[in-house]
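As provided, input.tsv (TSV, N, CA and C atoms) reads as follows.
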chain	number	residue	atom	x	y	z
A	1	MET	N	0.85	-1.17	0.00
A	1	MET	CA	0.00	0.00	0.00
A	1	MET	C	0.89	1.23	0.00
A	2	LYS	N	0.84	1.98	-1.06
A	2	LYS	CA	1.65	3.19	-1.16
A	2	LYS	C	0.72	4.39	-1.27
A	3	LEU	N	0.92	5.34	-0.37
A	3	LEU	CA	0.13	6.57	-0.42
A	3	LEU	C	0.68	7.48	-1.50
A	4	GLU	N	-0.21	8.04	-2.26
A	4	GLU	CA	0.14	9.05	-3.25
A	4	GLU	C	-0.07	10.41	-2.57
A	5	PRO	N	0.58	11.44	-3.06
A	5	PRO	CA	0.31	12.78	-2.50
A	5	PRO	C	-1.17	13.11	-2.66
A	6	LEU	N	-1.76	13.67	-1.62
A	6	LEU	CA	-3.18	14.00	-1.66
A	6	LEU	C	-3.40	15.26	-2.49
A	7	THR	N	-4.51	15.27	-3.22
A	7	THR	CA	-4.90	16.45	-3.97
A	7	THR	C	-5.37	17.51	-2.98
A	8	PRO	N	-5.48	18.76	-3.41
A	8	PRO	CA	-6.00	19.79	-2.48
A	8	PRO	C	-7.37	19.44	-1.91
A	9	ALA	N	-8.26	18.86	-2.72
A	9	ALA	CA	-9.59	18.47	-2.22
A	9	ALA	C	-9.46	17.37	-1.17
A	10	GLU	N	-8.58	16.40	-1.43
A	10	GLU	CA	-8.36	15.31	-0.46
A	10	GLU	C	-7.74	15.84	0.82
A	11	GLN	N	-6.81	16.78	0.70
A	11	GLN	CA	-6.20	17.39	1.88
A	11	GLN	C	-7.25	18.10	2.72
A	12	ALA	N	-8.16	18.79	2.06
A	12	ALA	CA	-9.22	19.52	2.78
A	12	ALA	C	-10.11	18.55	3.55
A	13	VAL	N	-10.49	17.45	2.91
A	13	VAL	CA	-11.34	16.45	3.58
A	13	VAL	C	-10.59	15.79	4.73
A	14	ALA	N	-9.32	15.49	4.53
A	14	ALA	CA	-8.51	14.86	5.58
A	14	ALA	C	-8.40	15.78	6.79
A	15	ALA	N	-8.16	17.06	6.55
A	15	ALA	CA	-8.03	18.02	7.65
A	15	ALA	C	-9.37	18.24	8.36
A	16	GLU	N	-10.43	18.36	7.57
A	16	GLU	CA	-11.77	18.61	8.13
A	16	GLU	C	-12.27	17.46	9.00
A	17	ASN	N	-11.89	16.25	8.65
A	17	ASN	CA	-12.38	15.07	9.36
A	17	ASN	C	-11.35	14.41	10.27
A	18	HIS	N	-10.27	15.10	10.56
A	18	HIS	CA	-9.21	14.52	11.38
A	18	HIS	C	-9.72	14.09	12.76
A	19	TYR	N	-10.77	14.72	13.23
A	19	TYR	CA	-11.36	14.35	14.53
A	19	TYR	C	-11.71	12.86	14.58
A	20	ILE	N	-11.95	12.25	13.42
A	20	ILE	CA	-12.31	10.82	13.37
A	20	ILE	C	-11.17	9.98	13.93
A	21	VAL	N	-9.93	10.36	13.64
A	21	VAL	CA	-8.77	9.62	14.15
A	21	VAL	C	-8.76	9.69	15.68
A	22	GLU	N	-8.95	10.89	16.21
A	22	GLU	CA	-8.93	11.06	17.67
A	22	GLU	C	-10.08	10.29	18.33
A	23	ARG	N	-11.26	10.34	17.72
A	23	ARG	CA	-12.40	9.60	18.28
A	23	ARG	C	-12.18	8.10	18.23
A	24	PHE	N	-11.58	7.65	17.13
A	24	PHE	CA	-11.30	6.22	17.00
A	24	PHE	C	-10.36	5.76	18.11
A	25	LEU	N	-9.26	6.47	18.29
A	25	LEU	CA	-8.29	6.10	19.33
A	25	LEU	C	-8.94	6.13	20.72
A	26	ALA	N	-9.74	7.14	20.98
A	26	ALA	CA	-10.41	7.24	22.28
A	26	ALA	C	-11.41	6.10	22.49
A	27	SER	N	-12.19	5.79	21.46
A	27	SER	CA	-13.20	4.74	21.61
A	27	SER	C	-12.59	3.36	21.80
A	28	LYS	N	-11.42	3.15	21.22
A	28	LYS	CA	-10.73	1.86	21.36
A	28	LYS	C	-9.76	1.85	22.55
A	29	LYS	N	-9.71	2.99	23.27
A	29	LYS	CA	-8.81	3.14	24.43
A	29	LYS	C	-7.36	2.85	24.06
A	30	LEU	N	-6.95	3.38	22.91
A	30	LEU	CA	-5.59	3.21	22.43
A	30	LEU	C	-4.81	4.49	22.72
A	31	PRO	N	-3.67	4.39	23.41
A	31	PRO	CA	-2.88	5.59	23.70
A	31	PRO	C	-2.38	6.23	22.39
A	32	PRO	N	-2.69	7.50	22.19
A	32	PRO	CA	-2.29	8.16	20.94
A	32	PRO	C	-0.78	8.13	20.70
A	33	ASP	N	0.03	8.22	21.76
A	33	ASP	CA	1.47	8.24	21.56
A	33	ASP	C	1.99	6.91	21.02
A	34	GLU	N	1.24	5.82	21.18
A	34	GLU	CA	1.65	4.52	20.66
A	34	GLU	C	0.94	4.15	19.35
A	35	TRP	N	-0.29	4.61	19.18
A	35	TRP	CA	-1.12	4.12	18.08
A	35	TRP	C	-1.42	5.14	16.98
A	36	TYR	N	-1.13	6.41	17.21
A	36	TYR	CA	-1.48	7.43	16.22
A	36	TYR	C	-0.87	7.11	14.85
A	37	ASP	N	0.43	6.83	14.84
A	37	ASP	CA	1.10	6.54	13.57
A	37	ASP	C	0.51	5.32	12.86
A	38	VAL	N	0.06	4.36	13.64
A	38	VAL	CA	-0.52	3.14	13.05
A	38	VAL	C	-1.81	3.47	12.30
A	39	VAL	N	-2.66	4.28	12.93
A	39	VAL	CA	-3.98	4.52	12.33
A	39	VAL	C	-4.03	5.70	11.36
A	40	VAL	N	-3.18	6.70	11.55
A	40	VAL	CA	-3.32	7.90	10.72
A	40	VAL	C	-3.00	7.62	9.25
A	41	PHE	N	-2.07	6.72	8.98
A	41	PHE	CA	-1.77	6.42	7.58
A	41	PHE	C	-2.91	5.68	6.90
A	42	ARG	N	-3.59	4.83	7.67
A	42	ARG	CA	-4.76	4.16	7.09
A	42	ARG	C	-5.93	5.13	6.95
A	43	TYR	N	-5.99	6.13	7.82
A	43	TYR	CA	-7.00	7.17	7.67
A	43	TYR	C	-6.76	7.93	6.36
A	44	LEU	N	-5.51	8.27	6.11
A	44	LEU	CA	-5.19	8.97	4.86
A	44	LEU	C	-5.47	8.09	3.64
A	45	ARG	N	-5.24	6.80	3.80
A	45	ARG	CA	-5.57	5.86	2.72
A	45	ARG	C	-7.07	5.85	2.48
A	46	ALA	N	-7.84	5.95	3.55
A	46	ALA	CA	-9.30	6.00	3.41
A	46	ALA	C	-9.73	7.25	2.65
A	47	VAL	N	-9.05	8.36	2.89
A	47	VAL	CA	-9.35	9.59	2.13
A	47	VAL	C	-9.10	9.34	0.65
A	48	GLU	N	-7.95	8.74	0.34
A	48	GLU	CA	-7.64	8.41	-1.07
A	48	GLU	C	-8.72	7.52	-1.67
A	49	LEU	N	-9.06	6.46	-0.96
A	49	LEU	CA	-10.06	5.52	-1.47
A	49	LEU	C	-11.39	6.21	-1.73
A	50	TRP	N	-11.78	7.06	-0.82
A	50	TRP	CA	-13.07	7.75	-0.92
A	50	TRP	C	-13.14	8.56	-2.21
A	51	PHE	N	-12.06	9.22	-2.57
A	51	PHE	CA	-12.05	10.05	-3.77
A	51	PHE	C	-11.84	9.24	-5.04
A	52	ARG	N	-11.13	8.15	-4.96
A	52	ARG	CA	-10.73	7.42	-6.16
A	52	ARG	C	-11.61	6.22	-6.48
A	53	ARG	N	-12.53	5.92	-5.57
A	53	ARG	CA	-13.44	4.79	-5.83
A	53	ARG	C	-14.88	5.23	-5.62
A	54	PRO	N	-15.52	5.71	-6.67
A	54	PRO	CA	-16.91	6.19	-6.55
A	54	PRO	C	-17.89	5.12	-6.04
A	55	ASP	N	-17.54	3.83	-6.20
A	55	ASP	CA	-18.43	2.79	-5.69
A	55	ASP	C	-18.55	2.84	-4.17
A	56	LEU	N	-17.64	3.54	-3.49
A	56	LEU	CA	-17.70	3.65	-2.03
A	56	LEU	C	-18.61	4.77	-1.57
A	57	TYR	N	-19.10	5.59	-2.48
A	57	TYR	CA	-19.95	6.72	-2.10
A	57	TYR	C	-21.25	6.29	-1.44
A	58	LYS	N	-21.62	5.03	-1.59
A	58	LYS	CA	-22.85	4.56	-0.94
A	58	LYS	C	-22.66	4.44	0.57
A	59	TYR	N	-21.41	4.53	1.04
A	59	TYR	CA	-21.10	4.49	2.47
A	59	TYR	C	-20.67	5.88	2.93
A	60	ARG	N	-20.90	6.15	4.20
A	60	ARG	CA	-20.42	7.41	4.75
A	60	ARG	C	-18.89	7.36	4.85
A	61	PHE	N	-18.26	8.52	4.71
A	61	PHE	CA	-16.80	8.58	4.80
A	61	PHE	C	-16.31	8.06	6.14
A	62	THR	N	-17.03	8.38	7.20
A	62	THR	CA	-16.61	7.92	8.53
A	62	THR	C	-16.56	6.40	8.60
A	63	THR	N	-17.47	5.74	7.92
A	63	THR	CA	-17.48	4.27	7.91
A	63	THR	C	-16.23	3.73	7.22
A	64	ILE	N	-15.88	4.31	6.10
A	64	ILE	CA	-14.68	3.88	5.37
A	64	ILE	C	-13.44	4.12	6.21
A	65	ALA	N	-13.35	5.30	6.81
A	65	ALA	CA	-12.18	5.63	7.63
A	65	ALA	C	-12.09	4.72	8.84
A	66	TRP	N	-13.21	4.51	9.52
A	66	TRP	CA	-13.23	3.68	10.73
A	66	TRP	C	-12.79	2.25	10.42
A	67	ARG	N	-13.33	1.69	9.34
A	67	ARG	CA	-12.97	0.32	8.96
A	67	ARG	C	-11.49	0.19	8.62
A	68	ASN	N	-10.96	1.19	7.92
A	68	ASN	CA	-9.54	1.17	7.57
A	68	ASN	C	-8.67	1.24	8.81
A	69	MET	N	-9.03	2.11	9.74
A	69	MET	CA	-8.23	2.24	10.97
A	69	MET	C	-8.33	0.98	11.82
A	70	ALA	N	-9.51	0.37	11.89
A	70	ALA	CA	-9.67	-0.88	12.65
A	70	ALA	C	-8.81	-1.98	12.04
A	71	SER	N	-8.75	-2.02	10.72
A	71	SER	CA	-7.92	-3.00	10.04
A	71	SER	C	-6.44	-2.78	10.36
A	72	ALA	N	-6.02	-1.53	10.42
A	72	ALA	CA	-4.63	-1.21	10.74
A	72	ALA	C	-4.28	-1.68	12.15
A	73	VAL	N	-5.18	-1.48	13.09
A	73	VAL	CA	-4.93	-1.92	14.48
A	73	VAL	C	-4.85	-3.44	14.53
A	74	CYS	N	-5.74	-4.12	13.86
A	74	CYS	CA	-5.74	-5.58	13.83
A	74	CYS	C	-4.43	-6.10	13.24
A	75	ASN	N	-4.00	-5.52	12.13
A	75	ASN	CA	-2.75	-5.94	11.49
A	75	ASN	C	-1.55	-5.70	12.40
A	76	GLU	N	-1.53	-4.56	13.09
A	76	GLU	CA	-0.41	-4.25	13.98
A	76	GLU	C	-0.36	-5.21	15.16
A	77	ARG	N	-1.52	-5.53	15.72
A	77	ARG	CA	-1.56	-6.47	16.84
A	77	ARG	C	-1.11	-7.87	16.41
A	78	THR	N	-1.48	-8.27	15.21
A	78	THR	CA	-1.04	-9.55	14.67
A	78	THR	C	0.47	-9.55	14.51
A	79	LYS	N	1.00	-8.47	13.98
A	79	LYS	CA	2.45	-8.34	13.79
A	79	LYS	C	3.18	-8.37	15.13
A	80	GLN	N	2.65	-7.67	16.12
A	80	GLN	CA	3.27	-7.66	17.45
A	80	GLN	C	3.23	-9.05	18.09
A	81	GLY	N	2.18	-9.80	17.82
A	81	GLY	CA	2.06	-11.14	18.37
A	81	GLY	C	3.09	-12.11	17.82
A	82	ARG	N	3.61	-11.82	16.63
A	82	ARG	CA	4.62	-12.69	16.02
A	82	ARG	C	6.04	-12.36	16.46
A	83	ARG	N	6.21	-11.23	17.14
A	83	ARG	CA	7.55	-10.82	17.56
A	83	ARG	C	8.05	-11.70	18.70
A	84	ILE	N	9.35	-11.89	18.73
A	84	ILE	CA	9.98	-12.66	19.79
A	84	ILE	C	9.88	-11.87	21.09
A	85	LYS	N	9.46	-12.52	22.14
A	85	LYS	CA	9.35	-11.89	23.45
A	85	LYS	C	10.64	-12.12	24.23
A	86	THR	N	11.15	-11.08	24.86
A	86	THR	CA	12.34	-11.24	25.70
A	86	THR	C	11.90	-11.40	27.15
A	87	VAL	N	12.64	-12.21	27.88
A	87	VAL	CA	12.34	-12.42	29.30
A	87	VAL	C	13.62	-12.28	30.10
A	88	SER	N	13.47	-11.96	31.36
A	88	SER	CA	14.60	-11.84	32.26
A	88	SER	C	14.85	-13.20	32.91
A	89	LEU	N	16.13	-13.50	33.18
A	89	LEU	CA	16.45	-14.74	33.91
A	89	LEU	C	15.92	-14.68	35.33
A	90	GLU	N	15.64	-13.48	35.82
A	90	GLU	CA	15.12	-13.31	37.18
A	90	GLU	C	13.59	-13.38	37.22
A	91	GLU	N	12.95	-13.49	36.09
A	91	GLU	CA	11.49	-13.55	36.02
A	91	GLU	C	11.00	-14.94	36.41
A	92	ALA	N	9.95	-14.98	37.20
A	92	ALA	CA	9.37	-16.26	37.62
A	92	ALA	C	8.67	-16.93	36.44
A	93	ILE	N	8.83	-18.24	36.35
A	93	ILE	CA	8.15	-19.01	35.31
A	93	ILE	C	6.72	-19.25	35.79
A	94	PRO	N	5.73	-18.87	34.98
A	94	PRO	CA	4.34	-19.05	35.41
A	94	PRO	C	4.03	-20.50	35.76
A	95	GLY	N	3.33	-20.69	36.87
A	95	GLY	CA	2.89	-22.02	37.28
A	95	GLY	C	3.98	-22.87	37.91
A	96	THR	N	5.10	-22.27	38.34
A	96	THR	CA	6.19	-23.07	38.91
A	96	THR	C	6.47	-22.73	40.37
A	97	ASP	N	5.60	-22.00	41.00
A	97	ASP	CA	5.76	-21.67	42.42
A	97	ASP	C	7.05	-20.90	42.69
A	98	GLY	N	7.36	-19.94	41.82
A	98	GLY	CA	8.48	-19.04	42.06
A	98	GLY	C	9.80	-19.40	41.41
A	99	MET	N	9.89	-20.52	40.71
A	99	MET	CA	11.14	-20.86	40.04
A	99	MET	C	11.39	-19.86	38.90
A	100	THR	N	12.62	-19.38	38.78
A	100	THR	CA	12.95	-18.40	37.75
A	100	THR	C	13.60	-19.09	36.56
A	101	PHE	N	13.68	-18.36	35.46
A	101	PHE	CA	14.36	-18.90	34.28
A	101	PHE	C	15.83	-19.14	34.60
A	102	GLY	N	16.41	-18.30	35.44
A	102	GLY	CA	17.81	-18.47	35.84
A	102	GLY	C	18.04	-19.76	36.60
A	103	ASP	N	17.02	-20.22	37.33
A	103	ASP	CA	17.13	-21.48	38.08
A	103	ASP	C	17.26	-22.68	37.15
A	104	THR	N	16.89	-22.53	35.90
A	104	THR	CA	16.93	-23.67	34.98
A	104	THR	C	18.29	-23.82	34.29
A	105	ILE	N	19.21	-22.90	34.55
A	105	ILE	CA	20.53	-22.97	33.92
A	105	ILE	C	21.35	-24.09	34.56
A	106	THR	N	21.89	-24.95	33.74
A	106	THR	CA	22.73	-26.06	34.22
A	106	THR	C	24.19	-25.78	33.87
A	107	ALA	N	25.09	-26.59	34.39
A	107	ALA	CA	26.51	-26.42	34.10
A	107	ALA	C	26.77	-26.47	32.59
A	108	LYS	N	26.04	-27.32	31.89
A	108	LYS	CA	26.22	-27.43	30.44
A	108	LYS	C	25.83	-26.12	29.75
A	109	ASN	N	24.78	-25.45	30.26
A	109	ASN	CA	24.33	-24.18	29.68
A	109	ASN	C	25.33	-23.06	29.90
A	110	LEU	N	26.19	-23.17	30.89
A	110	LEU	CA	27.13	-22.10	31.19
A	110	LEU	C	28.14	-21.89	30.07
A	111	ASP	N	28.31	-22.87	29.20
A	111	ASP	CA	29.21	-22.72	28.07
A	111	ASP	C	28.75	-21.60	27.14
A	112	PHE	N	27.47	-21.25	27.20
A	112	PHE	CA	26.91	-20.25	26.30
A	112	PHE	C	26.81	-18.87	26.93
A	113	ILE	N	27.21	-18.75	28.19
A	113	ILE	CA	27.16	-17.46	28.89
A	113	ILE	C	28.56	-16.87	28.87
A	114	PRO	N	28.71	-15.57	28.56
A	114	PRO	CA	30.04	-14.96	28.57
A	114	PRO	C	30.74	-15.19	29.91
A	115	TYR	N	32.05	-15.34	29.88
A	115	TYR	CA	32.85	-15.70	31.06
A	115	TYR	C	32.61	-14.78	32.25
A	116	THR	N	32.41	-13.49	32.01
A	116	THR	CA	32.22	-12.55	33.12
A	116	THR	C	30.97	-12.86	33.92
A	117	GLU	N	30.00	-13.48	33.30
A	117	GLU	CA	28.77	-13.82	34.00
A	117	GLU	C	28.86	-15.19	34.67
A	118	VAL	N	29.81	-16.02	34.31
A	118	VAL	CA	29.91	-17.37	34.83
A	118	VAL	C	30.23	-17.37	36.31
A	119	SER	N	31.00	-16.41	36.79
A	119	SER	CA	31.41	-16.38	38.18
A	119	SER	C	30.19	-16.38	39.12
A	120	GLU	N	29.06	-15.82	38.69
A	120	GLU	CA	27.87	-15.81	39.52
A	120	GLU	C	27.32	-17.22	39.73
A	121	TYR	N	27.56	-18.10	38.77
A	121	TYR	CA	26.94	-19.42	38.80
A	121	TYR	C	27.93	-20.53	39.23
A	122	GLU	N	29.15	-20.16	39.59
A	122	GLU	CA	30.15	-21.18	39.94
A	122	GLU	C	29.73	-22.02	41.15
A	123	ASP	N	28.91	-21.46	42.01
A	123	ASP	CA	28.44	-22.20	43.17
A	123	ASP	C	27.57	-23.38	42.78
A	124	TYR	N	26.97	-23.33	41.59
A	124	TYR	CA	26.04	-24.37	41.16
A	124	TYR	C	26.74	-25.50	40.41
A	125	ILE	N	27.99	-25.32	40.07
A	125	ILE	CA	28.70	-26.33	39.26
A	125	ILE	C	29.19	-27.46	40.13
Encoded form (structure tokens):
Amino acid sequence: MKLEPLTPAEQAVAAENHYIVERFLASKKLPPDEWYDVVVFRYLRAVELWFRRPDLYKYRFTTIAWRNMASAVCNERTKQGRRIKTVSLEEAIPGTDGMTFGDTITAKNLDFIPYTEVSEYEDYI
């Protein structure tokens, strides 16, 4: 999806209806500092679509914009769900009554830890 520069008419509609972005974020309880960039580009895409696809005129512009922004949020959450999660060795493993990830390190695993960190675990060898 590549945005083209908006025409003056498209720019006017985008500016006039920008409140839709703010209402969308508020209604979905999405912090603007984290989600604004995600939804605003799809909002601008909705402006493009509205002008370039007359078959969409049977719908209100707000409907087109709202659906586009909702799709952007769904796609971003899916993408975030695929990212590798980092954990601390000091974090408790769920359902283990307080055992940490660090507790699972064995002498064999120490070969993969830089030497400066090995001194902490020498008591366990």
request  = List every protein, DNA or RNA residue that has an atom no more than 12 Å from (-6.8, 1.7, 13.7) in the file's coordinate frame, counting only C-alpha atoms, and report them as a ChimeraX atom specification.
outcome  = /A:20-32,34-46,64-77
ask   = atom N of A:Thr78 and atom CA of A:Ala15, how far apart in Å?
value =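 These atoms are spaced 28.1 Å apart.
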How big is the axis-aligned box around the listed atoms of stretch 83-91 of chain A once 3 Å is added on each side, and where is its centre? Give both in Å to one decimal, as AutoDock Vina command-line options.
--center_x 11.3 --center_y -12.9 --center_z 27.2 --size_x 16.2 --size_y 10.1 --size_z 26.1
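Going from atom CA of A:Gly95 to atom CA of A:Lys108 covers 24.9 Å.
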inquiry  = I need the residues of chain A that end up classed as helix (DSSP H, G or I) by DSSP on the backbone, written out as a ChimeraX atom specification.
reply    = /A:8-16,19-27,32-52,54-58,61-82,102-104,108-112,115-124
request  = Provide the atom CA of A:Thr7 to atom N of A:Phe51 distance in Å, to one decimal place.
outcome  =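 Taking atom CA of A:Thr7 and atom N of A:Phe51, their separation equals 10.3 Å.
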task = Find the spatial neighbours of A:Glu90, counting only C-alpha atoms, within a cut-off of 7 Å - ignore same-chain residues fewer than 6 positions away - and output them as a list of chain:residue names.
result =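 Near A:Glu90, the qualifying residues are A:Thr100, A:Phe101, A:Gly102.
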message = Env of A:Glu10: 8 Å cut, atoms = only N, CA and C atoms, seq-sep filter 6 positions within chain, self excluded. Answer as a list in words.
response = Glu16, Val47, Glu48 and Phe51 of chain A
